[in-house]
Amino acid sequence: MASESVSVVFKIYCLTVMTLIAAAYTVALRYTRTVSSDLYFSTTAVCVTEIIKLLLSLGMLLRETGGLGRCRSAVVSHIFKSPVELLKLSVPSVVYAIQNNMAFVALSNLDAAVYQVTYQLKIPCTALCTVLMLSRSLSRLQWFSVFMLCGGVTLVQWTPPLSTKVQVEQNPFLGFVAIAVAVLCSGFAGVYFEKVLKSSDTSLWVRNIQMYLSGIVVTLIGVFMTDGAQVLEKGFFYGYTPWVCLVVFLASVGGMYTSVVVKYTDNIMKGFSAAAAIVLSTVASVVLFGLQISECMVQSGHLLISWSDGVYTVLLESL
């Protein structure tokens, strides 16, 4: 399995930035889906995000290769002359596309903090996929922390926050169903992508380009299958505002940092970073959306803190 040494400082930097972006993305996305009167098409936002990530990856590959000629040679060699590798990376792109669209559905029907805490079910799902797909073993402490986290998530599902300042009708059941699908997609796609990244010496940016190319095709199909008639009538960028552009930008940059974190650490570390984003998005939700914290939410927060404390030492060792 290929490996590349990077400093601990670089890993901590990537984890910190990814955490901040995840929190900001959740709050901004929540705002655009519940406060704005003219809703944009979430499928087009996901598609634009994939295009931007492709362009960013091309830019990073150009920087890594040190010249336009060598960059073009790498693209031709690994993309156009390697259809099998391109097909291999189409698997996570398809799954991620489904996950991203489910995130829009979930955040349209759940409060930001409820979404973030419930979405942490992806951690036990990712842990299970790690054991099954990467043949790794987890310690008792890690498994115990997973079950503590699930307890907190269950409390949130039983008694969601009381009220928020939203202007659209919400369907919590639909939101939780969307979360369930997103969790399964996140666990499988994340571990699959990690396995592909670490099983060869192929550049991270080449792998990203392979995944985003197929991702663009998949999301374009999703646009016209889901919102085709309305997109043709109102336009591809209908409802786009500066806030929506911010959401797309955060999703794009966040996706780039996520791939770096997966490459140089692992998916469990990525999950720890996402859990840290819960605290930030919850505080922002109280201020921006009038989120009222219930007793169950506090209890689930205590479980989350206990989980974080329990695995902190284990995660530091992996750096």
# chains A, B, ... in the order shown; residues from 1 in each chain; ligands from 1
call {"tool": "select_by_dssp", "arguments": {"residues": "stretch 105-149 of chain A", "states": "helix (DSSP H, G or I)", "output": "MDAnalysis selection string"}}
result
chainID A and resid 105:109 112:134 140:149
call {"tool": "write_last_selection", "arguments": {"atoms": "N, CA and C atoms", "output": "mmCIF file, in the first residue's frame"}}
result
data_model
loop_
_atom_site.group_PDB
_atom_site.id
_atom_site.type_symbol
_atom_site.label_atom_id
_atom_site.label_comp_id
_atom_site.auth_asym_id
_atom_site.auth_seq_id
_atom_site.Cartn_x
_atom_site.Cartn_y
_atom_site.Cartn_z
ATOM 1 N N VAL A 105 -31.972 17.372 0.746
ATOM 2 C CA VAL A 105 -33.314 16.976 1.192
ATOM 3 C C VAL A 105 -33.394 17.008 2.720
ATOM 4 N N ALA A 106 -32.361 16.476 3.374
ATOM 5 C CA ALA A 106 -32.355 16.409 4.831
ATOM 6 C C ALA A 106 -32.352 17.802 5.455
ATOM 7 N N LEU A 107 -31.510 18.685 4.947
ATOM 8 C CA LEU A 107 -31.403 20.023 5.520
ATOM 9 C C LEU A 107 -32.612 20.897 5.209
ATOM 10 N N SER A 108 -33.400 20.489 4.203
ATOM 11 C CA SER A 108 -34.639 21.199 3.915
ATOM 12 C C SER A 108 -35.739 20.798 4.887
ATOM 13 N N ASN A 109 -35.509 19.709 5.624
ATOM 14 C CA ASN A 109 -36.556 19.181 6.504
ATOM 15 C C ASN A 109 -36.117 19.002 7.953
ATOM 16 N N ALA A 112 -30.372 22.469 11.454
ATOM 17 C CA ALA A 112 -28.964 22.243 11.149
ATOM 18 C C ALA A 112 -28.282 21.386 12.205
ATOM 19 N N ALA A 113 -28.541 21.670 13.489
ATOM 20 C CA ALA A 113 -27.896 20.911 14.552
ATOM 21 C C ALA A 113 -28.392 19.465 14.575
ATOM 22 N N VAL A 114 -29.711 19.265 14.378
ATOM 23 C CA VAL A 114 -30.258 17.906 14.330
ATOM 24 C C VAL A 114 -29.639 17.139 13.166
ATOM 25 N N TYR A 115 -29.529 17.808 12.027
ATOM 26 C CA TYR A 115 -28.907 17.191 10.861
ATOM 27 C C TYR A 115 -27.474 16.764 11.170
ATOM 28 N N GLN A 116 -26.700 17.652 11.772
ATOM 29 C CA GLN A 116 -25.294 17.364 12.030
ATOM 30 C C GLN A 116 -25.125 16.213 13.013
ATOM 31 N N VAL A 117 -25.912 16.217 14.085
ATOM 32 C CA VAL A 117 -25.776 15.158 15.078
ATOM 33 C C VAL A 117 -26.240 13.820 14.510
ATOM 34 N N THR A 118 -27.377 13.822 13.840
ATOM 35 C CA THR A 118 -27.897 12.585 13.253
ATOM 36 C C THR A 118 -26.965 12.048 12.186
ATOM 37 N N TYR A 119 -26.368 12.943 11.452
ATOM 38 C CA TYR A 119 -25.473 12.538 10.371
ATOM 39 C C TYR A 119 -24.234 11.828 10.899
ATOM 40 N N GLN A 120 -23.979 11.961 12.199
ATOM 41 C CA GLN A 120 -22.821 11.278 12.772
ATOM 42 C C GLN A 120 -22.993 9.762 12.828
ATOM 43 N N LEU A 121 -24.164 9.259 12.461
ATOM 44 C CA LEU A 121 -24.317 7.813 12.275
ATOM 45 C C LEU A 121 -23.366 7.301 11.202
ATOM 46 N N LYS A 122 -22.851 8.215 10.398
ATOM 47 C CA LYS A 122 -21.878 7.798 9.390
ATOM 48 C C LYS A 122 -20.597 7.280 10.032
ATOM 49 N N ILE A 123 -20.339 7.644 11.295
ATOM 50 C CA ILE A 123 -19.126 7.170 11.964
ATOM 51 C C ILE A 123 -19.186 5.671 12.235
ATOM 52 N N PRO A 124 -20.261 5.142 12.882
ATOM 53 C CA PRO A 124 -20.310 3.678 13.019
ATOM 54 C C PRO A 124 -20.399 2.967 11.679
ATOM 55 N N CYS A 125 -21.077 3.594 10.718
ATOM 56 C CA CYS A 125 -21.160 2.986 9.382
ATOM 57 C C CYS A 125 -19.775 2.944 8.739
ATOM 58 N N THR A 126 -19.023 4.027 8.873
ATOM 59 C CA THR A 126 -17.668 4.072 8.338
ATOM 60 C C THR A 126 -16.753 3.092 9.054
ATOM 61 N N ALA A 127 -16.917 2.987 10.375
ATOM 62 C CA ALA A 127 -16.098 2.042 11.148
ATOM 63 C C ALA A 127 -16.346 0.614 10.679
ATOM 64 N N LEU A 128 -17.611 0.286 10.454
ATOM 65 C CA LEU A 128 -17.949 -1.062 9.988
ATOM 66 C C LEU A 128 -17.367 -1.316 8.603
ATOM 67 N N CYS A 129 -17.483 -0.331 7.712
ATOM 68 C CA CYS A 129 -16.918 -0.472 6.359
ATOM 69 C C CYS A 129 -15.399 -0.591 6.414
ATOM 70 N N THR A 130 -14.768 0.133 7.345
ATOM 71 C CA THR A 130 -13.316 0.054 7.497
ATOM 72 C C THR A 130 -12.884 -1.350 7.888
ATOM 73 N N VAL A 131 -13.610 -1.944 8.812
ATOM 74 C CA VAL A 131 -13.294 -3.301 9.251
ATOM 75 C C VAL A 131 -13.502 -4.300 8.113
ATOM 76 N N LEU A 132 -14.603 -4.153 7.387
ATOM 77 C CA LEU A 132 -14.950 -5.123 6.350
ATOM 78 C C LEU A 132 -14.138 -4.948 5.071
ATOM 79 N N MET A 133 -13.877 -3.699 4.683
ATOM 80 C CA MET A 133 -13.252 -3.436 3.391
ATOM 81 C C MET A 133 -11.738 -3.282 3.469
ATOM 82 N N LEU A 134 -11.229 -2.797 4.593
ATOM 83 C CA LEU A 134 -9.790 -2.576 4.724
ATOM 84 C C LEU A 134 -9.122 -3.573 5.656
ATOM 85 N N ARG A 140 -11.607 -1.776 21.657
ATOM 86 C CA ARG A 140 -12.840 -1.720 22.428
ATOM 87 C C ARG A 140 -13.262 -0.278 22.702
ATOM 88 N N LEU A 141 -12.272 0.577 22.953
ATOM 89 C CA LEU A 141 -12.552 1.987 23.215
ATOM 90 C C LEU A 141 -13.227 2.631 22.010
ATOM 91 N N GLN A 142 -12.733 2.320 20.829
ATOM 92 C CA GLN A 142 -13.316 2.906 19.621
ATOM 93 C C GLN A 142 -14.742 2.418 19.398
ATOM 94 N N TRP A 143 -14.977 1.113 19.578
ATOM 95 C CA TRP A 143 -16.330 0.586 19.408
ATOM 96 C C TRP A 143 -17.270 1.142 20.474
ATOM 97 N N PHE A 144 -16.786 1.279 21.699
ATOM 98 C CA PHE A 144 -17.601 1.830 22.771
ATOM 99 C C PHE A 144 -17.997 3.267 22.462
ATOM 100 N N SER A 145 -17.050 4.022 21.931
ATOM 101 C CA SER A 145 -17.339 5.417 21.577
ATOM 102 C C SER A 145 -18.396 5.491 20.483
ATOM 103 N N VAL A 146 -18.378 4.521 19.561
ATOM 104 C CA VAL A 146 -19.378 4.483 18.494
ATOM 105 C C VAL A 146 -20.776 4.299 19.074
ATOM 106 N N PHE A 147 -20.922 3.375 20.034
ATOM 107 C CA PHE A 147 -22.227 3.124 20.625
ATOM 108 C C PHE A 147 -22.700 4.296 21.477
ATOM 109 N N MET A 148 -21.782 4.986 22.136
ATOM 110 C CA MET A 148 -22.152 6.183 22.883
ATOM 111 C C MET A 148 -22.685 7.256 21.939
ATOM 112 N N LEU A 149 -22.043 7.387 20.800
ATOM 113 C CA LEU A 149 -22.483 8.356 19.809
ATOM 114 C C LEU A 149 -23.868 8.008 19.297
#
call {"tool": "residues_around", "arguments": {"residues": "A:Thr49", "least_positions_apart": "5", "cutoff": "7 Å", "atoms": "only C-alpha atoms", "output": "tab-separated table (two decimals) with N, CA, C and O atoms, in the first residue's frame"}}
result
chain	number	residue	atom	x	y	z
A	248	VAL	N	-21.95	26.64	-2.68
A	248	VAL	CA	-21.24	25.88	-3.71
A	248	VAL	C	-19.73	25.97	-3.50
A	248	VAL	O	-19.01	24.97	-3.62
A	251	ALA	N	-18.72	23.88	-0.47
A	251	ALA	CA	-18.79	22.45	-0.80
A	251	ALA	C	-17.61	22.03	-1.65
A	251	ALA	O	-17.05	20.93	-1.46
A	252	SER	N	-17.21	22.88	-2.57
A	252	SER	CA	-16.09	22.56	-3.46
A	252	SER	C	-14.77	22.50	-2.70
A	252	SER	O	-14.03	21.52	-2.79
call {"tool": "closest_residue", "arguments": {"among": "A:Val253, A:Cys47, A:Leu56, A:Val206", "to": "A:Phe224", "atoms": "only C-alpha atoms"}}
result
A:Cys47
call {"tool": "closest_residue", "arguments": {"among": "A:Val261, A:Val27, A:Leu62, A:Val35", "to": "A:Ile12", "atoms": "only C-alpha atoms"}}
result
A:Val261
call {"tool": "closest_residue", "arguments": {"among": "A:Asn267, A:Ser281, A:Thr202, A:Gln230", "to": "A:Ile79", "atoms": "only C-alpha atoms"}}
result
A:Thr202
call {"tool": "atom_distance", "arguments": {"atom1": "atom CA of A:Thr26", "atom2": "atom CA of A:Ala103"}}
result
9.5 Å
call {"tool": "residues_around", "arguments": {"residues": "A:Leu86", "least_positions_apart": "2", "cutoff": "9 Å", "atoms": "only C-alpha atoms", "output": "PyMOL selection string"}}
result
chain A and resi 78-80+82-84+88-90+207+210-211+213-214
call {"tool": "closest_residue", "arguments": {"among": "A:Val191, A:Ala28, A:Leu15, A:Val217", "to": "A:Arg136", "atoms": "only C-alpha atoms"}}
result
A:Val191
call {"tool": "closest_residue", "arguments": {"among": "A:Gly228, A:Gly66, A:Gly215, A:Gly175", "to": "A:Leu54", "atoms": "only C-alpha atoms"}}
result
A:Gly215
call {"tool": "residues_around", "arguments": {"residues": "A:Leu246", "least_positions_apart": "3", "cutoff": "10 Å", "atoms": "only C-alpha atoms", "output": "MDAnalysis selection string"}}
result
chainID A and resid 24:25 28:29 32 241:243 249:252
